[in-house]
>>> print(open('protein_39.json').read())   # JSON, C-alpha atoms
[["chain", "number", "residue", "atom", "x", "y", "z"],
["V", 1201, "MET", "CA", 13.43, -1.80, -8.74],
["V", 1202, "THR", "CA", 14.19, -4.72, -6.44],
["V", 1203, "ASP", "CA", 17.51, -6.52, -6.67],
["V", 1204, "THR", "CA", 17.73, -9.68, -8.76],
["V", 1205, "ILE", "CA", 18.40, -12.67, -6.57],
["V", 1206, "VAL", "CA", 21.40, -14.65, -7.72],
["V", 1207, "GLY", "CA", 22.24, -17.82, -5.85],
["V", 1208, "GLY", "CA", 23.73, -21.24, -6.24],
["V", 1209, "ASN", "CA", 21.93, -24.53, -6.31],
["V", 1210, "ASP", "CA", 21.58, -24.39, -2.52],
["V", 1211, "ALA", "CA", 19.82, -21.02, -2.53],
["V", 1212, "PRO", "CA", 16.17, -21.28, -1.44],
["V", 1213, "LYS", "CA", 13.50, -20.76, -4.06],
["V", 1214, "PRO", "CA", 12.22, -17.21, -3.59],
["V", 1215, "GLY", "CA", 8.79, -16.81, -2.06],
["V", 1216, "ARG", "CA", 5.95, -14.81, -3.54],
["V", 1217, "LEU", "CA", 4.56, -11.38, -2.72],
["V", 1218, "VAL", "CA", 0.76, -11.53, -2.38],
["V", 1219, "LEU", "CA", -1.25, -8.31, -2.52],
["V", 1220, "LEU", "CA", -4.81, -8.21, -1.13],
["V", 1221, "ARG", "CA", -7.01, -5.16, -1.52],
["V", 1222, "HIS", "CA", -9.43, -4.46, 1.31],
["V", 1223, "GLY", "CA", -13.16, -5.12, 0.98],
["V", 1224, "GLN", "CA", -15.87, -2.68, -0.02],
["V", 1225, "THR", "CA", -16.35, 0.61, 1.83],
["V", 1226, "ALA", "CA", -19.09, 3.21, 1.48],
["V", 1227, "TRP", "CA", -16.73, 5.41, -0.51],
["V", 1228, "SER", "CA", -15.58, 2.66, -2.87],
["V", 1229, "VAL", "CA", -19.28, 2.49, -3.81],
["V", 1230, "SER", "CA", -19.77, 6.27, -4.07],
["V", 1231, "GLY", "CA", -16.49, 6.91, -5.89],
["V", 1232, "GLN", "CA", -15.13, 9.28, -3.26],
["V", 1233, "HIS", "CA", -11.36, 9.34, -2.99],
["V", 1234, "THR", "CA", -10.48, 7.32, 0.10],
["V", 1235, "GLY", "CA", -6.92, 7.89, 1.19],
["V", 1236, "ARG", "CA", -6.22, 8.53, 4.84],
["V", 1237, "THR", "CA", -9.82, 8.88, 6.07],
["V", 1238, "ASP", "CA", -10.19, 5.90, 8.39],
["V", 1239, "ILE", "CA", -13.50, 4.44, 7.27],
["V", 1240, "PRO", "CA", -14.71, 0.89, 8.00],
["V", 1241, "LEU", "CA", -15.85, -1.88, 5.69],
["V", 1242, "THR", "CA", -19.50, -2.14, 4.76],
["V", 1243, "PRO", "CA", -21.30, -5.41, 5.58],
["V", 1244, "THR", "CA", -20.71, -6.38, 1.95],
["V", 1245, "GLY", "CA", -17.04, -5.58, 2.41],
["V", 1246, "GLU", "CA", -16.86, -7.77, 5.50],
["V", 1247, "HIS", "CA", -18.35, -10.68, 3.55],
["V", 1248, "GLN", "CA", -15.90, -10.05, 0.71],
["V", 1249, "ALA", "CA", -12.99, -10.19, 3.15],
["V", 1250, "ILE", "CA", -14.13, -13.55, 4.50],
["V", 1251, "GLU", "CA", -14.46, -14.92, 0.97],
["V", 1252, "ALA", "CA", -11.02, -13.58, 0.07],
["V", 1253, "GLY", "CA", -9.59, -15.56, 2.97],
["V", 1254, "VAL", "CA", -11.19, -18.73, 1.61],
["V", 1255, "ARG", "CA", -9.66, -18.15, -1.83],
["V", 1256, "LEU", "CA", -6.25, -17.43, -0.35],
["V", 1257, "ARG", "CA", -6.27, -20.61, 1.71],
["V", 1258, "GLU", "CA", -7.16, -22.58, -1.39],
["V", 1259, "SER", "CA", -4.23, -21.07, -3.29],
["V", 1260, "PHE", "CA", -1.83, -21.04, -0.34],
["V", 1261, "PRO", "CA", -2.76, -24.12, 1.70],
["V", 1262, "ASP", "CA", 0.43, -23.88, 3.75],
["V", 1263, "GLY", "CA", -0.53, -20.37, 4.79],
["V", 1264, "PHE", "CA", 1.93, -17.62, 5.62],
["V", 1265, "SER", "CA", 4.70, -17.99, 8.17],
["V", 1266, "GLU", "CA", 4.73, -15.97, 11.37],
["V", 1267, "GLY", "CA", 5.85, -12.43, 10.65],
["V", 1268, "CYS", "CA", 4.97, -12.66, 6.96],
["V", 1269, "VAL", "CA", 1.56, -10.93, 6.97],
["V", 1270, "PHE", "CA", 1.44, -7.13, 6.90],
["V", 1271, "ALA", "CA", -1.46, -4.69, 6.78],
["V", 1272, "SER", "CA", -1.85, -0.99, 6.18],
["V", 1273, "PRO", "CA", -2.49, 0.92, 9.42],
["V", 1274, "LEU", "CA", -5.91, 1.98, 8.14],
["V", 1275, "ARG", "CA", -8.98, 0.33, 9.62],
["V", 1276, "ARG", "CA", -10.43, -1.07, 6.40],
["V", 1277, "ALA", "CA", -7.22, -2.96, 5.65],
["V", 1278, "ARG", "CA", -6.79, -4.30, 9.18],
["V", 1279, "GLN", "CA", -10.44, -5.41, 9.22],
["V", 1280, "THR", "CA", -9.94, -7.21, 5.93],
["V", 1281, "ALA", "CA", -6.83, -8.99, 7.19],
["V", 1282, "ALA", "CA", -8.61, -10.13, 10.35],
["V", 1283, "LEU", "CA", -11.78, -11.30, 8.59],
["V", 1284, "ALA", "CA", -9.71, -13.13, 5.97],
["V", 1285, "GLY", "CA", -8.17, -15.13, 8.79],
["V", 1286, "TYR", "CA", -4.97, -13.17, 9.36],
["V", 1287, "GLY", "CA", -5.76, -11.39, 12.59],
["V", 1288, "THR", "CA", -2.16, -11.74, 13.72],
["V", 1289, "HIS", "CA", -0.36, -9.37, 11.40],
["V", 1290, "ASN", "CA", 2.20, -6.61, 11.44],
["V", 1291, "VAL", "CA", 1.27, -3.04, 10.55],
["V", 1292, "LEU", "CA", 3.36, -1.61, 7.72],
["V", 1293, "PRO", "CA", 2.89, 2.17, 7.41],
["V", 1294, "TYR", "CA", 4.52, 2.29, 3.98],
["V", 1295, "ILE", "CA", 1.46, 0.61, 2.43],
["V", 1296, "ALA", "CA", -1.12, 3.12, 3.67],
["V", 1297, "GLU", "CA", -3.22, 4.42, 0.79],
["V", 1298, "TRP", "CA", -2.21, 7.41, -1.33],
["V", 1299, "ASP", "CA", -2.85, 10.64, 0.55],
["V", 1300, "TYR", "CA", -5.22, 12.35, -1.87],
["V", 1301, "GLY", "CA", -4.96, 15.68, -0.10],
["V", 1302, "ARG", "CA", -7.51, 18.13, -1.48],
["V", 1303, "ALA", "CA", -9.31, 15.34, -3.35],
["V", 1304, "GLU", "CA", -9.88, 13.32, -0.17],
["V", 1305, "GLY", "CA", -13.55, 12.45, 0.37],
["V", 1306, "ARG", "CA", -14.51, 14.01, -2.98],
["V", 1307, "THR", "CA", -15.42, 12.39, -6.28],
["V", 1308, "ARG", "CA", -13.56, 13.23, -9.46],
["V", 1309, "GLY", "CA", -16.64, 15.13, -10.64],
["V", 1310, "THR", "CA", -16.72, 17.27, -7.50],
["V", 1311, "VAL", "CA", -13.00, 17.99, -7.72],
["V", 1312, "SER", "CA", -13.41, 19.00, -11.38],
["V", 1313, "GLN", "CA", -16.22, 21.40, -10.44],
["V", 1314, "LEU", "CA", -14.15, 22.99, -7.67],
["V", 1315, "LEU", "CA", -11.11, 23.25, -9.94],
["V", 1316, "GLY", "CA", -13.11, 24.65, -12.83],
["V", 1317, "ARG", "CA", -11.85, 22.11, -15.37],
["V", 1318, "PRO", "CA", -11.76, 18.32, -15.84],
["V", 1319, "TRP", "CA", -9.40, 16.70, -13.35],
["V", 1320, "ASP", "CA", -7.83, 13.25, -13.33],
["V", 1321, "LEU", "CA", -5.71, 11.94, -10.46],
["V", 1322, "TRP", "CA", -3.22, 10.10, -12.66],
["V", 1323, "ARG", "CA", -2.83, 12.85, -15.23],
["V", 1324, "ASP", "CA", -2.92, 15.91, -12.97],
["V", 1325, "GLY", "CA", -1.97, 14.65, -9.53],
["V", 1326, "THR", "CA", -2.95, 16.05, -6.15],
["V", 1327, "GLU", "CA", -0.43, 18.86, -6.58],
["V", 1328, "SER", "CA", -2.62, 20.49, -9.24],
["V", 1329, "LEU", "CA", -5.34, 21.32, -6.70],
["V", 1330, "SER", "CA", -5.72, 24.73, -5.11],
["V", 1331, "ALA", "CA", -5.04, 25.43, -1.44],
["V", 1332, "ALA", "CA", -8.50, 27.00, -1.43],
["V", 1333, "MET", "CA", -9.77, 23.42, -1.19],
["V", 1334, "ASP", "CA", -7.99, 22.86, 2.15],
["V", 1335, "GLY", "CA", -10.02, 22.28, 5.28],
["V", 1336, "GLU", "CA", -11.50, 19.79, 7.69],
["V", 1337, "ARG", "CA", -15.05, 18.51, 7.99],
["V", 1338, "VAL", "CA", -17.08, 15.70, 9.54],
["V", 1339, "GLU", "CA", -18.98, 13.45, 7.18],
["V", 1340, "THR", "CA", -21.61, 10.85, 8.10],
["V", 1341, "LEU", "CA", -21.40, 7.54, 6.28],
["V", 1342, "PRO", "CA", -24.57, 5.68, 5.16],
["V", 1343, "GLY", "CA", -24.41, 3.40, 8.23],
["V", 1344, "GLY", "CA", -24.31, 6.40, 10.59],
["V", 1345, "THR", "CA", -20.57, 6.34, 11.35],
["V", 1346, "GLN", "CA", -19.03, 9.79, 11.42],
["V", 1347, "VAL", "CA", -15.54, 10.35, 10.02],
["V", 1348, "THR", "CA", -13.27, 13.37, 9.93],
["V", 1349, "VAL", "CA", -12.10, 14.32, 6.44],
["V", 1350, "ARG", "CA", -8.94, 16.40, 6.17],
["V", 1351, "ASN", "CA", -7.98, 18.14, 2.94],
["V", 1352, "GLY", "CA", -4.43, 19.38, 2.58],
["V", 1353, "ARG", "CA", -1.35, 19.04, 0.39],
["V", 1354, "GLY", "CA", -1.49, 15.27, -0.11],
["V", 1355, "GLU", "CA", 1.16, 13.18, -1.87],
["V", 1356, "THR", "CA", 2.53, 13.16, -5.39],
["V", 1357, "LEU", "CA", 2.64, 9.93, -7.36],
["V", 1358, "ASP", "CA", 6.41, 9.87, -7.07],
["V", 1359, "GLU", "CA", 6.21, 10.20, -3.30],
["V", 1360, "VAL", "CA", 3.86, 7.23, -3.07],
["V", 1361, "ALA", "CA", 6.13, 5.22, -5.36],
["V", 1362, "ALA", "CA", 9.13, 6.04, -3.19],
["V", 1363, "ARG", "CA", 7.55, 4.66, -0.04],
["V", 1364, "THR", "CA", 6.36, 1.51, -1.81],
["V", 1365, "THR", "CA", 9.99, 0.79, -2.68],
["V", 1366, "VAL", "CA", 10.69, 1.00, 1.06],
["V", 1367, "ALA", "CA", 7.88, -1.49, 1.68],
["V", 1368, "ILE", "CA", 9.40, -3.89, -0.86],
["V", 1369, "ARG", "CA", 12.79, -3.48, 0.76],
["V", 1370, "GLU", "CA", 11.27, -4.27, 4.16],
["V", 1371, "VAL", "CA", 9.77, -7.60, 3.07],
["V", 1372, "LEU", "CA", 12.33, -8.68, 0.46],
["V", 1373, "PRO", "CA", 14.56, -10.54, 2.97],
["V", 1374, "LEU", "CA", 11.59, -12.77, 3.85],
["V", 1375, "ILE", "CA", 10.92, -13.47, 0.18],
["V", 1376, "GLU", "CA", 14.60, -14.24, -0.44],
["V", 1377, "GLU", "CA", 14.45, -16.75, 2.42],
["V", 1378, "GLY", "CA", 11.66, -18.58, 0.57],
["V", 1379, "HIS", "CA", 8.67, -17.21, 2.49],
["V", 1380, "ASP", "CA", 5.43, -16.09, 0.86],
["V", 1381, "VAL", "CA", 4.51, -12.62, 2.12],
["V", 1382, "LEU", "CA", 0.99, -11.16, 2.27],
["V", 1383, "LEU", "CA", 0.31, -7.41, 2.12],
["V", 1384, "VAL", "CA", -3.25, -6.25, 2.87],
["V", 1385, "ALA", "CA", -3.77, -2.70, 1.72],
["V", 1386, "HIS", "CA", -5.45, -0.50, -0.89],
["V", 1387, "ALA", "CA", -6.00, -0.35, -4.64],
["V", 1388, "HIS", "CA", -3.81, 2.57, -5.66],
["V", 1389, "VAL", "CA", -0.89, 1.90, -3.35],
["V", 1390, "LEU", "CA", -0.76, -1.79, -4.29],
["V", 1391, "ARG", "CA", -0.91, -0.98, -8.00],
["V", 1392, "ILE", "CA", 1.91, 1.54, -7.60],
["V", 1393, "LEU", "CA", 3.91, -0.94, -5.53],
["V", 1394, "THR", "CA", 3.54, -3.44, -8.38],
["V", 1395, "THR", "CA", 5.12, -1.01, -10.84],
["V", 1396, "GLN", "CA", 8.09, -0.63, -8.52],
["V", 1397, "TRP", "CA", 8.42, -4.42, -8.20],
["V", 1398, "LEU", "CA", 8.58, -4.54, -12.00],
["V", 1399, "GLY", "CA", 10.93, -1.55, -12.30],
["V", 1400, "MET", "CA", 8.38, 0.46, -14.30],
["V", 1401, "ASP", "CA", 7.15, 4.04, -14.33],
["V", 1402, "PRO", "CA", 4.63, 4.41, -11.47],
["V", 1403, "LEU", "CA", 2.17, 5.98, -13.90],
["V", 1404, "THR", "CA", 1.76, 2.51, -15.42],
["V", 1405, "ALA", "CA", -0.23, 1.62, -12.30],
["V", 1406, "LYS", "CA", -3.30, 3.26, -13.81],
["V", 1407, "LEU", "CA", -3.49, 0.33, -16.25],
["V", 1408, "LEU", "CA", -3.71, -2.27, -13.47],
["V", 1409, "ARG", "CA", -7.26, -2.82, -12.27],
["V", 1410, "LEU", "CA", -7.56, -4.20, -8.74],
["V", 1411, "ASP", "CA", -11.08, -4.76, -7.39],
["V", 1412, "THR", "CA", -12.19, -4.87, -3.77],
["V", 1413, "ALA", "CA", -11.09, -7.98, -1.85],
["V", 1414, "ARG", "CA", -9.20, -9.36, -4.84],
["V", 1415, "TYR", "CA", -5.61, -10.52, -4.60],
["V", 1416, "SER", "CA", -2.62, -10.57, -6.91],
["V", 1417, "VAL", "CA", 0.65, -12.48, -6.82],
["V", 1418, "LEU", "CA", 4.08, -11.09, -7.65],
["V", 1419, "SER", "CA", 7.04, -13.41, -7.98],
["V", 1420, "GLN", "CA", 10.40, -13.96, -9.63],
["V", 1421, "TYR", "CA", 10.90, -15.92, -12.82],
["V", 1422, "LYS", "CA", 14.34, -16.63, -14.28],
["V", 1423, "GLY", "CA", 15.80, -13.71, -12.40],
["V", 1424, "ASP", "CA", 13.08, -11.21, -13.33],
["V", 1425, "ASN", "CA", 10.39, -9.75, -11.10],
["V", 1426, "VAL", "CA", 7.03, -10.62, -12.67],
["V", 1427, "ILE", "CA", 3.26, -10.62, -12.16],
["V", 1428, "GLU", "CA", 2.22, -14.24, -11.60],
["V", 1429, "GLN", "CA", -1.52, -13.66, -11.07],
["V", 1430, "TRP", "CA", -3.65, -10.53, -11.05],
["V", 1431, "ASN", "CA", -7.05, -9.50, -9.62],
["V", 1432, "VAL", "CA", -7.96, -13.04, -8.49]]
>>> encode(input="protein_39.json", output="structure tokens")
Amino acid sequence: MTDTIVGGNDAPKPGRLVLLRHGQTAWSVSGQHTGRTDIPLTPTGEHQAIEAGVRLRESFPDGFSEGCVFASPLRRARQTAALAGYGTHNVLPYIAEWDYGRAEGRTRGTVSQLLGRPWDLWRDGTESLSAAMDGERVETLPGGTQVTVRNGRGETLDEVAARTTVAIREVLPLIEEGHDVLLVAHAHVLRILTTQWLGMDPLTAKLLRLDTARYSVLSQYKGDNVIEQWNV
């Protein structure tokens, strides 16, 4: 949980933490788990990213100060940031998507078939999957782009939550100085980060829907960390 900011009358009003999910990819359409596989946006996703930039500028007409925009190192997030109008951004590795390990590039149905029983990421985690599912393969996306899919151990939910707390700690000084901060990343990691902002169990993230190229706003209200807007 982030520290409560306590200040006198001269303390600056805290800024807001804005979370933008990247635009559509081929796997967000197909339902394949997309963690560390570095796939690009679809043409629809590119259009979504541009539209997201328009909405953000309407809501934040003063923009974001230099050094206050961060993106995941993965291509789909960096593309979204650039197309939204934030081409000059810092890369923040702590907001890369959940490493789905042996579920990477596979749908929940496929994982369930390989496991021999119904499987759910939130309930069972990546750690429930057999090492027999490990491997590496090349997959061709609908547009013809080839990507390498690697299946291995992956991350637990708690491990993802731990690194999102590091991400919050990295940007909190900017927020305390009164700056709005924009993070451009992925659905699961941003939902988990939100639970850590609120001081909640990371499993609660499964209840927070965040669609492609939608943004959410976290802020502070009367000393508490809160959700100001969600899935805009």
>>> residues_near_point(input="protein_39.json", point="(-2.6, -13.7, 0.8)", cutoff="8 Å", atoms="all atoms listed in the file", output="list in words")
Val1218, Leu1219, Leu1220, Gly1253, Leu1256, Arg1257, Phe1260, Phe1264, Val1269, Val1381, Leu1382, Leu1383, Val1384 and Tyr1415 of chain V
>>> atom_distance(input="protein_39.json", atom1="atom CA of Arg1221 of chain V", atom2="atom CA of His1386 of chain V")
5.0 Å
>>> residues_around(input="protein_39.json", residues="Asp1380 of chain V", least_positions_apart="4", cutoff="8 Å", atoms="only C-alpha atoms", output="PyMOL selection string")
chain V and resi 1215-1218+1264-1265+1268+1374-1375
>>> axis_aligned_box(input="protein_39.json", around="segment 1330-1337 of chain V", padding_each_side="4 Å", output="AutoDock Vina command-line options")
--center_x -10.0 --center_y 22.8 --center_z 1.4 --size_x 18.0 --size_y 16.5 --size_z 21.1
>>> atom_distance(input="protein_39.json", atom1="atom CA of Ser1259 of chain V", atom2="atom CA of Ser1416 of chain V")
11.2 Å
>>> residues_around(input="protein_39.json", residues="Pro1214 of chain V", least_positions_apart="3", cutoff="7 Å", atoms="all atoms listed in the file", output="ChimeraX atom specification")
/V:1375-1378
>>> closest_residue(input="protein_39.json", among="V:Asn1290, V:Ser1328, V:Asn1351, V:Thr1365", to="Thr1234 of chain V", atoms="only C-alpha atoms")
V:Asn1351
>>> closest_residue(input="protein_39.json", among="V:Gln1420, V:Thr1288, V:Thr1345, V:Thr1356", to="Gly1267 of chain V", atoms="all atoms listed in the file")
V:Thr1288
>>> residues_around(input="protein_39.json", residues="Gln1346 of chain V", least_positions_apart="4", cutoff="12 Å", atoms="only C-alpha atoms", output="ChimeraX atom specification")
/V:1226,1237-1240,1337-1342
>>> closest_residue(input="protein_39.json", among="V:Glu1336, V:Glu1266, V:Glu1246, V:Glu1355", to="His1289 of chain V", atoms="all atoms listed in the file")
V:Glu1266
>>> closest_residue(input="protein_39.json", among="V:Asp1262, V:Arg1275, V:Ala1281, V:Ala1332", to="Ile1250 of chain V", atoms="all atoms listed in the file")
V:Ala1281
>>> residues_around(input="protein_39.json", residues="segment 1320-1325 of chain V", least_positions_apart="6", cutoff="7 Å", atoms="all atoms listed in the file", output="PDB file with C-alpha atoms, in the frame of the given file")
ATOM      1  CA  ARG V1308     -13.560  13.230  -9.460  1.00  0.00           C
ATOM      2  CA  THR V1356       2.530  13.160  -5.390  1.00  0.00           C
ATOM      3  CA  LEU V1357       2.640   9.930  -7.360  1.00  0.00           C
ATOM      4  CA  LEU V1403       2.170   5.980 -13.900  1.00  0.00           C
ATOM      5  CA  LYS V1406      -3.300   3.260 -13.810  1.00  0.00           C
TER       6      LYS V1406
END
>>> closest_residue(input="protein_39.json", among="V:Leu1274, V:Leu1398, V:Leu1329, V:Ala1249", to="Ile1368 of chain V", atoms="only C-alpha atoms")
V:Leu1398
>>> residues_near_point(input="protein_39.json", point="(11.2, -1.0, -13.4)", cutoff="12 Å", atoms="all atoms listed in the file", output="ChimeraX atom specification")
/V:1201-1204,1361,1365,1392-1405,1424-1426
>>> atom_distance(input="protein_39.json", atom1="atom CA of Ala1303 of chain V", atom2="atom CA of Gly1354 of chain V")
8.5 Å
>>> decode(input="protein_39.json", residues="segment 1318-1348 of chain V", atoms="N, CA and C atoms", output="compact mmCIF listing (two decimals), in the first residue's frame")
# COMPACT_ATOMS: atom_id res chain seq x y z
N PRO V 1318 -10.62 -28.20 -15.78
CA PRO V 1318 -10.84 -26.77 -15.98
C PRO V 1318 -9.77 -25.95 -15.25
N TRP V 1319 -9.27 -24.93 -15.94
CA TRP V 1319 -8.21 -24.09 -15.38
C TRP V 1319 -8.62 -22.63 -15.48
N ASP V 1320 -8.33 -21.88 -14.42
CA ASP V 1320 -8.60 -20.45 -14.39
C ASP V 1320 -7.37 -19.75 -13.85
N LEU V 1321 -6.91 -18.73 -14.55
CA LEU V 1321 -5.68 -18.03 -14.15
C LEU V 1321 -5.76 -17.50 -12.74
N TRP V 1322 -6.86 -16.82 -12.40
CA TRP V 1322 -6.97 -16.19 -11.09
C TRP V 1322 -7.08 -17.23 -9.99
N ARG V 1323 -7.81 -18.27 -10.22
CA ARG V 1323 -8.03 -19.29 -9.18
C ARG V 1323 -6.82 -20.20 -9.01
N ASP V 1324 -6.25 -20.63 -10.14
CA ASP V 1324 -5.21 -21.67 -10.11
C ASP V 1324 -3.80 -21.14 -10.27
N GLY V 1325 -3.66 -20.01 -10.95
CA GLY V 1325 -2.33 -19.45 -11.16
C GLY V 1325 -1.51 -20.20 -12.19
N THR V 1326 -0.42 -19.58 -12.61
CA THR V 1326 0.48 -20.22 -13.57
C THR V 1326 1.24 -21.37 -12.93
N GLU V 1327 1.39 -21.33 -11.61
CA GLU V 1327 2.18 -22.35 -10.92
C GLU V 1327 1.51 -23.72 -10.90
N SER V 1328 0.22 -23.77 -11.27
CA SER V 1328 -0.50 -25.04 -11.29
C SER V 1328 -0.23 -25.85 -12.56
N LEU V 1329 0.46 -25.25 -13.52
CA LEU V 1329 0.64 -25.90 -14.82
C LEU V 1329 1.91 -26.75 -14.86
N SER V 1330 1.82 -27.85 -15.58
CA SER V 1330 2.89 -28.83 -15.62
C SER V 1330 4.06 -28.38 -16.47
N ALA V 1331 5.27 -28.77 -16.05
CA ALA V 1331 6.47 -28.47 -16.83
C ALA V 1331 6.45 -29.18 -18.18
N ALA V 1332 5.55 -30.14 -18.35
CA ALA V 1332 5.41 -30.80 -19.64
C ALA V 1332 4.91 -29.84 -20.70
N MET V 1333 4.38 -28.69 -20.27
CA MET V 1333 3.88 -27.68 -21.20
C MET V 1333 4.96 -26.69 -21.60
N ASP V 1334 6.17 -26.85 -21.07
CA ASP V 1334 7.28 -25.95 -21.42
C ASP V 1334 7.67 -26.12 -22.88
N GLY V 1335 8.27 -25.08 -23.44
CA GLY V 1335 8.77 -25.18 -24.81
C GLY V 1335 8.84 -23.83 -25.48
N GLU V 1336 9.19 -23.85 -26.74
CA GLU V 1336 9.29 -22.64 -27.54
C GLU V 1336 8.80 -22.95 -28.94
N ARG V 1337 8.05 -22.03 -29.52
CA ARG V 1337 7.52 -22.24 -30.86
C ARG V 1337 7.35 -20.90 -31.55
N VAL V 1338 7.24 -20.93 -32.87
CA VAL V 1338 6.98 -19.73 -33.66
C VAL V 1338 5.53 -19.78 -34.12
N GLU V 1339 4.82 -18.70 -33.90
CA GLU V 1339 3.42 -18.63 -34.32
C GLU V 1339 3.25 -17.46 -35.28
N THR V 1340 2.42 -17.66 -36.31
CA THR V 1340 2.15 -16.61 -37.29
C THR V 1340 0.82 -15.94 -36.97
N LEU V 1341 0.87 -14.63 -36.80
CA LEU V 1341 -0.33 -13.87 -36.51
C LEU V 1341 -1.16 -13.68 -37.78
N PRO V 1342 -2.44 -13.32 -37.67
CA PRO V 1342 -3.30 -13.15 -38.85
C PRO V 1342 -2.72 -12.22 -39.91
N GLY V 1343 -1.98 -11.19 -39.51
CA GLY V 1343 -1.41 -10.26 -40.49
C GLY V 1343 -0.13 -10.75 -41.13
N GLY V 1344 0.35 -11.94 -40.72
CA GLY V 1344 1.56 -12.51 -41.30
C GLY V 1344 2.80 -12.36 -40.43
N THR V 1345 2.73 -11.54 -39.38
CA THR V 1345 3.87 -11.36 -38.49
C THR V 1345 4.12 -12.64 -37.71
N GLN V 1346 5.38 -13.04 -37.63
CA GLN V 1346 5.74 -14.22 -36.87
C GLN V 1346 6.30 -13.80 -35.51
N VAL V 1347 5.87 -14.50 -34.47
CA VAL V 1347 6.34 -14.20 -33.12
C VAL V 1347 6.81 -15.49 -32.46
N THR V 1348 7.79 -15.36 -31.59
CA THR V 1348 8.28 -16.51 -30.83
C THR V 1348 7.55 -16.57 -29.49
